[in-house]
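As provided, data_32.csv (CSV, C-alpha atoms and all ligand atoms) reads as follows.
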```
chain,number,residue,atom,x,y,z
E,1243,MET,CA,13.4,-20.8,34.9
E,1244,ASP,CA,14.5,-23.1,32.2
E,1245,PRO,CA,16.0,-21.1,29.3
E,1246,GLN,CA,15.1,-23.9,26.9
E,1247,THR,CA,11.4,-23.2,27.3
E,1248,ASN,CA,11.8,-19.4,27.3
E,1249,PRO,CA,9.0,-18.1,25.0
E,1250,TYR,CA,10.3,-14.6,24.3
E,1251,ALA,CA,12.0,-13.8,21.0
E,1252,PRO,CA,14.3,-10.8,21.0
E,1253,GLY,CA,15.9,-10.5,17.6
E,1254,ALA,CA,15.6,-8.9,14.1
E,1255,GLY,CA,12.4,-10.1,12.4
E,1256,THR,CA,11.9,-12.9,15.0
E,1257,PRO,CA,8.2,-13.7,15.3
E,1258,PRO,CA,7.0,-12.7,18.8
E,1259,PRO,CA,5.2,-15.3,20.9
E,1260,GLU,CA,2.3,-12.8,21.1
E,1261,LEU,CA,1.8,-10.3,18.3
E,1262,ALA,CA,0.2,-7.5,20.3
E,1263,GLY,CA,-1.5,-4.4,19.0
E,1264,ARG,CA,-1.4,-5.0,15.3
E,1265,ASP,CA,-4.9,-6.5,14.7
E,1266,VAL,CA,-6.3,-3.4,13.0
E,1267,ILE,CA,-3.4,-3.0,10.6
E,1268,LEU,CA,-3.4,-6.6,9.7
E,1269,ASN,CA,-7.1,-6.6,9.0
E,1270,GLU,CA,-6.6,-3.7,6.7
E,1271,ALA,CA,-3.8,-5.5,4.9
E,1272,ARG,CA,-6.0,-8.5,4.5
E,1273,THR,CA,-8.8,-6.5,3.0
E,1274,ALA,CA,-6.4,-4.7,0.6
E,1275,ILE,CA,-4.9,-8.0,-0.6
E,1276,GLN,CA,-8.3,-9.5,-1.2
E,1277,ARG,CA,-9.6,-6.5,-3.0
E,1278,ASN,CA,-6.5,-6.3,-5.2
E,1279,ARG,CA,-6.9,-10.0,-6.2
E,1280,LEU,CA,-10.5,-9.3,-7.2
E,1281,GLY,CA,-9.4,-6.3,-9.4
E,1282,LYS,CA,-10.9,-3.7,-7.0
E,1283,ALA,CA,-9.1,-0.5,-6.1
E,1284,ALA,CA,-6.7,-1.1,-3.2
E,1285,ARG,CA,-3.6,0.9,-2.3
E,1286,SER,CA,-0.3,-0.6,-1.8
E,1287,PHE,CA,1.2,0.2,1.6
E,1288,ILE,CA,4.5,0.8,3.3
E,1289,PHE,CA,5.0,0.3,7.1
E,1290,VAL,CA,7.0,3.2,8.4
E,1291,GLY,CA,8.7,3.1,11.8
E,1292,LEU,CA,11.9,3.0,13.8
E,1293,ARG,CA,14.1,0.0,14.2
E,1294,GLY,CA,12.7,-2.5,16.6
E,1295,VAL,CA,9.0,-1.6,16.4
E,1296,GLY,CA,8.1,-4.8,14.5
E,1297,LYS,CA,8.0,-3.9,10.8
E,1298,THR,CA,9.7,-7.0,9.5
E,1299,VAL,CA,7.5,-9.1,11.7
E,1300,LEU,CA,4.5,-7.4,10.2
E,1301,LEU,CA,5.7,-7.9,6.6
E,1302,ASN,CA,6.1,-11.6,7.3
E,1303,GLU,CA,2.5,-11.7,8.7
E,1304,VAL,CA,1.2,-10.0,5.6
E,1305,GLN,CA,3.0,-12.5,3.5
E,1306,ALA,CA,1.3,-15.3,5.4
E,1307,ILE,CA,-2.1,-13.6,4.9
E,1308,ALA,CA,-1.5,-13.2,1.2
E,1309,GLU,CA,-0.6,-16.9,0.9
E,1310,GLU,CA,-3.7,-17.9,2.8
E,1311,ASP,CA,-5.6,-15.8,0.2
E,1312,GLY,CA,-4.0,-17.8,-2.6
E,1313,ALA,CA,-1.5,-15.2,-3.7
E,1314,LEU,CA,1.9,-15.9,-5.0
E,1315,THR,CA,4.4,-14.0,-2.8
E,1316,ASP,CA,8.1,-13.2,-2.5
E,1317,PHE,CA,10.0,-11.4,0.3
E,1318,LEU,CA,12.8,-9.1,-0.7
E,1319,GLU,CA,15.2,-7.2,1.5
E,1320,VAL,CA,16.6,-4.2,-0.3
E,1321,SER,CA,20.4,-3.9,0.2
E,1322,ALA,CA,23.0,-1.6,-1.1
E,1323,ASN,CA,24.6,-4.6,-3.0
E,1324,GLU,CA,21.7,-5.4,-5.3
E,1325,PRO,CA,19.3,-3.0,-6.8
E,1326,LEU,CA,15.6,-3.9,-6.6
E,1327,SER,CA,15.4,-3.7,-10.4
E,1328,ILE,CA,17.6,-6.9,-10.4
E,1329,SER,CA,16.2,-8.8,-7.4
E,1330,ILE,CA,12.7,-8.4,-8.9
E,1331,ILE,CA,13.8,-10.6,-11.8
E,1332,GLY,CA,14.2,-13.7,-9.6
E,1333,THR,CA,10.9,-12.9,-7.9
E,1334,LEU,CA,8.9,-12.7,-11.2
E,1335,ARG,CA,10.8,-15.5,-12.8
E,1336,SER,CA,9.8,-18.0,-10.1
E,1337,THR,CA,6.3,-16.5,-9.9
E,1338,LEU,CA,5.7,-16.8,-13.7
E,1339,LEU,CA,7.2,-20.3,-13.8
E,1340,LYS,CA,4.7,-21.3,-11.0
E,1341,LEU,CA,1.9,-19.8,-13.0
E,1342,ASP,CA,3.2,-21.6,-16.1
E,1343,ARG,CA,3.1,-25.0,-14.3
E,1344,ALA,CA,-0.6,-24.6,-13.5
E,1345,LYS,CA,-3.0,-26.6,-15.6
E,1346,GLY,CA,-3.7,-25.6,-19.2
E,1347,VAL,CA,-1.6,-23.4,-21.4
E,1348,SER,CA,-2.0,-19.7,-20.8
E,1349,GLU,CA,-0.9,-17.2,-23.5
E,1350,LYS,CA,-0.7,-14.5,-20.9
E,1351,VAL,CA,1.7,-16.5,-18.8
E,1352,LYS,CA,3.9,-17.3,-21.8
E,1353,LYS,CA,3.9,-13.6,-22.7
E,1354,GLY,CA,4.8,-12.7,-19.2
E,1355,LEU,CA,7.9,-14.9,-19.5
E,1356,ARG,CA,8.8,-13.4,-22.9
E,1357,VAL,CA,8.5,-9.9,-21.4
E,1358,LEU,CA,10.7,-10.9,-18.5
E,1359,LYS,CA,13.3,-12.1,-21.0
E,1360,SER,CA,13.3,-8.8,-22.8
E,1361,TYR,CA,13.5,-6.9,-19.5
E,1362,VAL,CA,16.5,-8.9,-18.5
E,1363,GLY,CA,18.1,-8.2,-21.9
E,1364,ALA,CA,17.7,-4.4,-21.3
E,1365,ILE,CA,19.0,-4.7,-17.7
E,1366,LYS,CA,22.0,-6.7,-18.7
E,1367,ILE,CA,23.3,-3.7,-20.7
E,1368,LYS,CA,23.3,-1.7,-17.5
E,1369,TYR,CA,24.5,-4.2,-15.0
E,1370,GLU,CA,26.8,-7.1,-15.5
E,1371,ASN,CA,26.3,-10.6,-14.0
E,1372,VAL,CA,22.6,-10.8,-14.5
E,1373,GLU,CA,21.8,-14.4,-15.0
E,1374,PHE,CA,18.5,-15.6,-16.3
E,1375,SER,CA,17.4,-18.7,-18.2
E,1376,VAL,CA,14.0,-19.5,-19.4
E,1377,ASP,CA,13.4,-21.2,-22.6
E,1378,VAL,CA,11.4,-18.6,-24.5
E,1379,ASP,CA,12.0,-15.9,-27.0
E,1380,ALA,CA,12.1,-12.3,-25.8
E,1381,GLU,CA,9.0,-10.1,-26.5
E,1382,THR,CA,10.6,-7.4,-28.7
E,1383,GLY,CA,9.5,-3.9,-28.0
E,1384,ILE,CA,8.2,-4.5,-24.5
E,1385,ALA,CA,10.3,-3.8,-21.4
E,1386,ASP,CA,13.4,-3.4,-23.4
E,1387,SER,CA,13.7,0.4,-23.8
E,1388,GLY,CA,16.5,0.6,-21.4
E,1389,LYS,CA,14.6,3.2,-19.4
E,1390,LEU,CA,13.9,1.5,-16.1
E,1391,SER,CA,10.7,3.2,-15.1
E,1392,ARG,CA,9.1,2.2,-18.4
E,1393,ASP,CA,10.5,-1.3,-18.5
E,1394,LEU,CA,9.6,-2.2,-15.0
E,1395,ALA,CA,6.0,-1.0,-15.7
E,1396,ASP,CA,5.8,-3.2,-18.8
E,1397,LEU,CA,7.1,-6.1,-16.7
E,1398,PHE,CA,4.6,-5.5,-13.9
E,1399,ILE,CA,1.7,-5.3,-16.3
E,1400,ALA,CA,2.7,-8.5,-18.1
E,1401,ALA,CA,3.1,-10.3,-14.7
E,1402,GLY,CA,-0.2,-8.9,-13.5
E,1403,GLU,CA,-2.0,-10.0,-16.6
E,1404,ALA,CA,-0.5,-13.5,-16.2
E,1405,ALA,CA,-1.7,-13.6,-12.6
E,1406,LYS,CA,-5.1,-12.4,-13.5
E,1407,ALA,CA,-5.4,-15.1,-16.2
E,1408,ARG,CA,-4.8,-17.7,-13.5
E,1409,GLU,CA,-7.3,-16.0,-11.2
E,1410,THR,CA,-4.6,-15.3,-8.5
E,1411,SER,CA,-2.5,-12.4,-7.5
E,1412,ILE,CA,1.1,-11.5,-6.9
E,1413,VAL,CA,2.2,-9.9,-3.6
E,1414,ILE,CA,5.7,-8.7,-3.3
E,1415,LEU,CA,7.1,-7.9,0.2
E,1416,VAL,CA,9.9,-5.3,0.3
E,1417,ASP,CA,11.8,-4.8,3.5
E,1418,GLU,CA,14.3,-2.0,4.2
E,1419,PHE,CA,12.5,0.2,1.7
E,1420,GLN,CA,14.7,3.2,2.7
E,1421,ASN,CA,17.6,1.5,1.0
E,1422,LEU,CA,16.0,1.8,-2.5
E,1423,SER,CA,17.9,4.0,-4.8
E,1424,ASP,CA,16.0,7.0,-6.0
E,1425,GLU,CA,15.9,5.5,-9.5
E,1426,ASP,CA,14.5,2.2,-8.3
E,1427,PHE,CA,12.0,3.9,-6.0
E,1428,GLU,CA,10.7,6.0,-8.8
E,1429,ALA,CA,10.5,3.1,-11.3
E,1430,LEU,CA,8.6,1.1,-8.7
E,1431,ILE,CA,6.1,3.9,-8.2
E,1432,MET,CA,5.6,4.4,-11.9
E,1433,ALA,CA,5.1,0.6,-12.3
E,1434,ILE,CA,2.6,0.4,-9.5
E,1435,HIS,CA,0.8,3.5,-10.9
E,1436,ARG,CA,0.3,1.6,-14.2
E,1437,ILE,CA,-0.8,-1.6,-12.4
E,1438,ASP,CA,-3.4,0.5,-10.5
E,1439,GLN,CA,-4.8,2.0,-13.7
E,1440,LYS,CA,-5.2,-1.4,-15.2
E,1441,GLN,CA,-6.5,-2.8,-11.9
E,1442,LEU,CA,-4.2,-5.8,-12.2
E,1443,PRO,CA,-3.7,-8.2,-9.2
E,1444,LEU,CA,-0.1,-7.3,-8.3
E,1445,MET,CA,0.7,-5.5,-5.0
E,1446,VAL,CA,3.8,-4.3,-3.3
E,1447,VAL,CA,3.9,-4.1,0.5
E,1448,GLY,CA,6.9,-2.4,2.0
E,1449,ALA,CA,8.5,-1.5,5.3
E,1450,GLY,CA,11.2,1.0,6.1
E,1451,LEU,CA,12.6,3.7,8.3
E,1452,PRO,CA,10.8,7.1,8.4
E,1453,LEU,CA,13.5,8.7,6.2
E,1454,LEU,CA,12.2,6.9,3.1
E,1455,ILE,CA,10.0,9.6,1.8
E,1456,LYS,CA,12.6,11.7,0.0
E,1457,LEU,CA,11.0,11.8,-3.4
E,1458,THR,CA,10.2,15.0,-5.3
E,1459,GLY,CA,8.0,16.1,-8.2
E,1460,ASP,CA,5.7,13.6,-10.0
E,1461,ALA,CA,7.2,10.6,-8.1
E,1462,LYS,CA,6.3,12.3,-4.8
E,1463,SER,CA,2.7,13.1,-5.7
E,1464,TYR,CA,2.2,9.6,-7.2
E,1465,SER,CA,3.7,8.0,-4.1
E,1466,GLU,CA,1.4,9.9,-1.8
E,1467,ARG,CA,-1.7,8.8,-3.9
E,1468,LEU,CA,-0.6,5.3,-4.5
E,1469,PHE,CA,0.7,4.2,-1.1
E,1470,ASP,CA,-0.6,4.3,2.4
E,1471,TYR,CA,2.1,4.8,4.9
E,1472,PRO,CA,0.9,3.3,8.2
E,1473,ASP,CA,2.9,4.5,11.2
E,1474,ILE,CA,4.2,1.6,13.2
E,1475,GLY,CA,5.1,2.7,16.7
E,1476,PRO,CA,5.5,1.3,20.2
E,1477,LEU,CA,2.7,-0.5,21.9
E,1478,ASP,CA,0.3,1.2,24.3
E,1479,ALA,CA,0.3,0.1,28.0
E,1480,THR,CA,-2.5,-2.4,27.4
E,1481,GLU,CA,-0.9,-4.0,24.4
E,1482,ALA,CA,2.5,-4.0,25.9
E,1483,ARG,CA,1.2,-5.8,28.9
E,1484,ARG,CA,-0.4,-8.4,26.6
E,1485,ALA,CA,2.9,-8.8,24.7
E,1486,LEU,CA,4.6,-9.5,28.0
E,1487,VAL,CA,2.1,-11.5,30.0
E,1488,ALA,CA,0.4,-13.7,27.5
E,1489,PRO,CA,3.4,-15.8,26.5
E,1490,ALA,CA,4.2,-16.5,30.2
E,1491,ASN,CA,0.6,-17.3,31.0
E,1492,GLU,CA,0.6,-19.7,28.1
E,1493,ALA,CA,3.2,-21.6,30.1
E,1494,ALA,CA,1.3,-21.2,33.3
E,1495,VAL,CA,3.7,-18.6,34.6
E,1496,GLU,CA,2.4,-15.4,36.2
E,1497,PHE,CA,3.9,-11.9,36.5
E,1498,ASP,CA,3.6,-9.8,39.6
E,1499,ASP,CA,1.9,-6.5,38.7
E,1500,ALA,CA,4.9,-4.5,40.0
E,1501,ALA,CA,7.1,-6.4,37.6
E,1502,VAL,CA,4.9,-5.7,34.6
E,1503,SER,CA,4.6,-2.0,35.4
E,1504,HIS,CA,8.3,-1.7,35.8
E,1505,ILE,CA,9.0,-3.3,32.4
E,1506,ILE,CA,6.4,-1.2,30.6
E,1507,GLU,CA,7.8,1.9,32.2
E,1508,ARG,CA,11.4,1.1,31.2
E,1509,THR,CA,10.7,-0.2,27.7
E,1510,GLN,CA,7.9,2.4,26.9
E,1511,GLY,CA,6.2,-0.4,25.0
E,1512,TYR,CA,8.9,-0.7,22.5
E,1513,PRO,CA,8.5,-4.2,21.0
E,1514,TYR,CA,12.1,-5.2,20.7
E,1515,PHE,CA,12.8,-4.2,24.4
E,1516,LEU,CA,9.7,-6.0,25.6
E,1517,GLN,CA,11.0,-9.2,24.2
E,1518,GLU,CA,14.5,-8.6,25.6
E,1519,TRP,CA,13.1,-7.8,29.1
E,1520,GLY,CA,10.7,-10.7,29.0
E,1521,TYR,CA,13.5,-13.0,27.9
E,1522,GLN,CA,15.9,-12.1,30.7
E,1523,ALA,CA,13.1,-11.9,33.3
E,1524,TRP,CA,12.2,-15.5,32.5
E,1525,ASN,CA,15.8,-16.7,32.8
E,1526,CYS,CA,16.3,-14.8,36.1
E,1527,ALA,CA,13.2,-16.0,37.9
E,1528,ASP,CA,13.2,-19.1,40.0
E,1529,GLY,CA,9.6,-19.8,39.2
E,1530,SER,CA,6.1,-18.3,39.0
E,1531,PRO,CA,5.3,-15.5,39.7
E,1532,ILE,CA,8.1,-13.4,38.1
E,1533,SER,CA,8.7,-10.7,40.7
E,1534,ALA,CA,9.9,-7.1,40.6
E,1535,ASP,CA,13.2,-8.4,42.1
E,1536,ASP,CA,13.6,-10.8,39.2
E,1537,VAL,CA,13.0,-7.9,36.8
E,1538,GLU,CA,15.6,-5.8,38.5
E,1539,LYS,CA,18.2,-8.5,37.9
E,1540,ALA,CA,17.0,-9.1,34.4
E,1541,GLU,CA,17.3,-5.5,33.5
E,1542,VAL,CA,21.1,-5.5,34.0
E,1543,ARG,CA,21.4,-8.3,31.5
E,1544,ALA,CA,18.9,-6.8,29.1
E,1545,VAL,CA,20.7,-3.5,29.1
E,1546,GLU,CA,24.1,-5.2,28.6
E,1547,ARG,CA,22.8,-7.0,25.5
E,1548,LEU,CA,21.3,-3.9,24.1
E,1549,ASP,CA,24.6,-2.0,24.6
E,1550,LYS,CA,26.4,-4.7,22.7
E,1551,ASN,CA,24.2,-4.9,19.7
E,1552,PHE,CA,21.1,-2.7,19.3
E,1553,PHE,CA,22.6,0.6,20.7
E,1554,ARG,CA,26.1,0.0,19.6
E,1555,SER,CA,25.3,-0.6,16.0
E,1556,ARG,CA,23.4,2.6,15.7
E,1557,TYR,CA,26.0,4.6,17.6
E,1558,GLU,CA,28.9,3.5,15.3
E,1559,ARG,CA,27.2,4.9,12.2
E,1560,LEU,CA,27.3,8.4,13.6
E,1561,SER,CA,29.8,11.2,12.9
E,1562,ASP,CA,31.8,12.8,15.7
E,1563,PRO,CA,29.7,16.0,15.8
E,1564,GLN,CA,26.5,13.9,15.9
E,1565,LYS,CA,27.9,11.9,18.8
E,1566,THR,CA,28.8,15.1,20.6
E,1567,TYR,CA,25.2,16.4,20.1
E,1568,LEU,CA,23.6,13.3,21.4
E,1569,ARG,CA,26.0,13.3,24.4
E,1570,ALA,CA,24.9,16.8,25.2
E,1571,MET,CA,21.2,15.7,25.0
E,1572,ALA,CA,21.9,12.7,27.2
E,1573,GLN,CA,23.6,14.9,29.8
E,1574,LEU,CA,20.2,16.7,30.2
E,1575,GLY,CA,18.3,13.4,30.8
E,1576,PRO,CA,15.8,11.4,28.9
E,1577,GLY,CA,14.1,14.4,27.3
E,1578,PRO,CA,12.5,15.9,25.2
E,1579,HIS,CA,14.8,18.9,25.5
E,1580,LYS,CA,14.7,22.4,24.2
E,1581,THR,CA,17.2,22.7,21.4
E,1582,GLY,CA,18.4,25.9,23.0
E,1583,ASP,CA,19.3,24.0,26.2
E,1584,ILE,CA,21.3,21.5,24.2
E,1585,ALA,CA,23.1,24.3,22.4
E,1586,ASP,CA,23.9,25.8,25.8
E,1587,VAL,CA,25.6,22.6,27.0
E,1588,LEU,CA,27.8,22.8,23.9
E,1589,GLY,CA,28.4,26.5,24.2
E,1590,LYS,CA,26.9,27.1,20.8
E,1591,THR,CA,23.8,28.7,19.3
E,1592,SER,CA,20.9,26.5,18.3
E,1593,SER,CA,21.2,27.6,14.6
E,1594,GLN,CA,24.9,26.7,14.5
E,1595,LEU,CA,23.9,23.1,15.4
E,1596,GLY,CA,21.0,23.0,12.9
E,1597,PRO,CA,22.8,20.9,10.3
E,1598,THR,CA,23.9,18.3,12.9
E,1599,ARG,CA,20.4,18.2,14.3
E,1600,ASP,CA,18.9,17.7,10.8
E,1601,ALA,CA,21.3,14.9,10.0
E,1602,LEU,CA,20.4,13.1,13.2
E,1603,ILE,CA,16.7,13.5,12.4
E,1604,THR,CA,17.3,12.1,8.9
E,1605,ASN,CA,19.2,9.2,10.5
E,1606,GLY,CA,16.2,8.4,12.7
E,1607,MET,CA,18.2,9.0,15.9
E,1608,ILE,CA,16.2,12.0,17.2
E,1609,TYR,CA,12.9,13.7,16.3
E,1610,SER,CA,11.2,16.9,17.1
E,1611,PRO,CA,8.1,16.3,19.2
E,1612,LYS,CA,7.2,20.0,19.0
E,1613,TYR,CA,8.7,23.1,17.6
E,1614,GLY,CA,12.1,23.9,19.2
E,1615,TYR,CA,12.4,20.5,20.9
E,1616,ALA,CA,14.5,17.4,20.3
E,1617,ALA,CA,14.0,13.9,21.7
E,1618,PHE,CA,15.6,10.5,21.3
E,1619,THR,CA,13.6,8.1,19.1
E,1620,VAL,CA,14.6,5.1,21.1
E,1621,PRO,CA,13.9,4.7,24.8
E,1622,LEU,CA,17.0,4.4,27.1
E,1623,PHE,CA,19.3,5.8,24.5
E,1624,ASP,CA,20.2,8.7,26.8
E,1625,GLU,CA,21.5,6.2,29.4
E,1626,PHE,CA,23.4,4.4,26.7
E,1627,MET,CA,25.1,7.6,25.6
E,1628,ARG,CA,26.1,8.4,29.2
E,1629,ARG,CA,27.8,4.9,29.4
E,1630,ALA,CA,29.3,4.9,25.9
E,1631,GLU,CA,33.0,5.7,25.5
E,1632,PRO,CA,33.4,9.0,23.6
E,1701,LIG,N1,3.5,-6.6,17.9
E,1701,LIG,C1,4.5,-7.1,18.6
E,1701,LIG,N2,4.3,-7.6,19.9
E,1701,LIG,C2,5.4,-8.1,20.6
E,1701,LIG,N3,6.6,-8.2,20.1
E,1701,LIG,C3,6.9,-7.7,18.9
E,1701,LIG,C4,5.8,-7.2,18.1
E,1701,LIG,N4,6.4,-6.8,16.9
E,1701,LIG,C5,7.7,-7.1,16.9
E,1701,LIG,N5,8.0,-7.7,18.1
E,1701,LIG,C6,9.4,-8.1,18.5
E,1701,LIG,O1,10.2,-7.0,18.4
E,1701,LIG,C7,11.5,-7.3,17.8
E,1701,LIG,C8,11.8,-6.5,16.6
E,1701,LIG,O2,10.9,-6.8,15.5
E,1701,LIG,P1,11.3,-6.5,14.0
E,1701,LIG,O3,10.2,-6.9,13.1
E,1701,LIG,O4,12.6,-7.0,13.7
E,1701,LIG,O5,11.4,-4.9,14.0
E,1701,LIG,P2,11.8,-3.9,12.9
E,1701,LIG,O6,11.8,-4.6,11.6
E,1701,LIG,O7,10.8,-2.8,13.0
E,1701,LIG,O8,13.2,-3.4,13.2
E,1701,LIG,C9,11.4,-8.8,17.6
E,1701,LIG,O9,12.1,-9.5,18.7
E,1701,LIG,C10,9.9,-9.2,17.6
E,1701,LIG,O10,9.7,-10.5,18.1
E,1702,MG,MG,13.2,-4.9,10.1
```
Once more with this new file: its structure as structure tokens, please.
Amino acid sequence: MDPQTNPYAPGAGTPPPELAGRDVILNEARTAIQRNRLGKAARSFIFVGLRGVGKTVLLNEVQAIAEEDGALTDFLEVSANEPLSISIIGTLRSTLLKLDRAKGVSEKVKKGLRVLKSYVGAIKIKYENVEFSVDVDAETGIADSGKLSRDLADLFIAAGEAAKARETSIVILVDEFQNLSDEDFEALIMAIHRIDQKQLPLMVVGAGLPLLIKLTGDAKSYSERLFDYPDIGPLDATEARRALVAPANEAAVEFDDAAVSHIIERTQGYPYFLQEWGYQAWNCADGSPISADDVEKAEVRAVERLDKNFFRSRYERLSDPQKTYLRAMAQLGPGPHKTGDIADVLGKTSSQLGPTRDALITNGMIYSPKYGYAAFTVPLFDEFMRRAEP
């Protein structure tokens, strides 16, 4: 069928034609955002899940919900190049300027800008190249201690008070949360802790890989109390079917049952793969209905594309011993496998391989579905490993 009208959307953060299986979580997010704006207790939350399950898509949805609710929002992606403590300056600068432009002078908003200026003054000592220009004097003694956790809290409080004075809220979306430095993560938690105590309308909604919860001590216990960590996983069979069939139906195209079943079985409801299979199946089919034969042809192309980008990019980040371990797992099939069986393939003991296994778990490549077992976190990875060049 015509690729130009293909509704499917494989890609990082690309909005799917049908956002399946996420109604409950989005409703919870909506409630939290509304409560936060009204000064009622609401926990910030962080979507946790593997690559390709739809976390970035969810964050974008939450941003749209927040804007519908009248919040001022910004979307940040944490990268190794720029600490959050710096990117947040741009976010709050534009937010405060927007609040400042609203009707009537607000002392709280002016103060917010002055506090931002002193925050920038303190950050500049630590990092070079921080640019900031707003025509106000700094608020001496607030957010300028040079201790990030304290200064960020001061800044959040000032921004929250400014938003409250304007009867709105600030919602900051933070993607790739696992890339936060420990210092930034801790400072963020302390800042949110202060905001919560004062019930100010500022909220952080994050998304990241499961390895993000590596905090210790006070920061850890705060983070557990302050944040919900909803698990974002693959779609169940009903929702996977909906994700696949609804976009076709929208264009008056049907799927044969056998075609749907095959795709669900192969993709295991993994959102990224559903889009990829749907996309290729559409292009391979001559017309409605899309048949099992079409899907068979589509699968070859889908797998080829995954090999080139999705699988390959994860594979290349691994060390040689990690690759060897995964190859041994793959040799045994899709899994889960007993760690002892994997060790046998490699002629080693399970405890000798412990450190490699732990590193793979931290990387999000494998997980332990029950004691003494290891499994791939992404469907079809075993097949990829068997194809990949050593
Ligand atoms: N609920 C969903 N239903 C159907 N497809 C989805 C859903 N969520 C995400 N997708 C698709 O999955 C792919 C990956 O989404 P993305 O948000 O980038 O995942 P992540 O951020 O978790 O790596 C995209 O192609 C997107 O369109
Ligand atoms: Mg993402």
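The smallest atom-to-atom distance between ligand MG 1702 (chain E) and any of E:Glu1303, E:Asp1342, E:Asp1386, E:Asp1417, using all atoms listed in the file, is found for E:Asp1417.
Considering only C-alpha atoms, the residue among E:Leu1560, E:Leu1588, E:Ala1306, E:Ala1482 positioned nearest to Thr1604 of chain E is E:Leu1560.
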Fill in: Which of E:Leu1390, E:Leu1574, E:Val1537, E:Leu1451 sits closest to ligand LIG 1701 (chain E) [using all atoms listed in the file]
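Ranking E:Leu1390, E:Leu1574, E:Val1537, E:Leu1451 by distance to ligand LIG 1701 (chain E), first place goes to E:Leu1451.
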As a quick test: using all atoms listed in the file, which residues lie no more than 7 Å away from ligand LIG 1701 (chain E)? Give them as a short mmCIF file (atom, residue, chain, number, x, y, z; two decimals) with C-alpha atoms, keeping the file's coordinate frame.
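So selection-v3.cif came out as:
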```cif
data_model
loop_
_atom_site.label_atom_id
_atom_site.label_comp_id
_atom_site.auth_asym_id
_atom_site.auth_seq_id
_atom_site.Cartn_x
_atom_site.Cartn_y
_atom_site.Cartn_z
CA ALA E 1251 12.00 -13.80 21.00
CA PRO E 1252 14.30 -10.80 21.00
CA GLY E 1253 15.90 -10.50 17.60
CA ALA E 1254 15.60 -8.90 14.10
CA GLY E 1255 12.40 -10.10 12.40
CA THR E 1256 11.90 -12.90 15.00
CA PRO E 1257 8.20 -13.70 15.30
CA PRO E 1258 7.00 -12.70 18.80
CA GLU E 1260 2.30 -12.80 21.10
CA LEU E 1261 1.80 -10.30 18.30
CA ALA E 1262 0.20 -7.50 20.30
CA GLY E 1263 -1.50 -4.40 19.00
CA ARG E 1264 -1.40 -5.00 15.30
CA GLY E 1291 8.70 3.10 11.80
CA LEU E 1292 11.90 3.00 13.80
CA ARG E 1293 14.10 0.00 14.20
CA GLY E 1294 12.70 -2.50 16.60
CA VAL E 1295 9.00 -1.60 16.40
CA GLY E 1296 8.10 -4.80 14.50
CA LYS E 1297 8.00 -3.90 10.80
CA THR E 1298 9.70 -7.00 9.50
CA VAL E 1299 7.50 -9.10 11.70
CA LEU E 1300 4.50 -7.40 10.20
CA ALA E 1485 2.90 -8.80 24.70
CA PRO E 1513 8.50 -4.20 21.00
CA TYR E 1514 12.10 -5.20 20.70
CA LEU E 1516 9.70 -6.00 25.60
CA GLN E 1517 11.00 -9.20 24.20
#
```
Worksheet entry | Separation of atom CA of Ala1617 of chain E from atom CA of Glu1507 of chain E in Å |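 Answer for the atom CA of Glu1507 of chain E to atom CA of Ala1617 of chain E separation: 17.1 Å.
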Item to complete: Within 10 Å of segment 1581-1583 of chain E, counting only C-alpha atoms, which residues show up once you throw out same-chain ones fewer than 4 positions away? Write them as number ranges by chain, please.
Response: E: 1570-1571, 1574, 1587-1593, 1595-1596, 1599, 1610, 1613-1617
Worksheet item: Interatomic distance between atom CA of Asp1549 of chain E and atom CA of Tyr1609 of chain E?
Response: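 One can read the atom CA of Asp1549 of chain E to atom CA of Tyr1609 of chain E distance as 21.3 Å.
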Discussion item. Please list as a VMD selection string every residue within 7 Å of Leu1314 of chain E, counting only C-alpha atoms and excluding residues in the same chain fewer than 5 positions away.
Written reply: chain E and resid 1309 1337 1411 to 1413
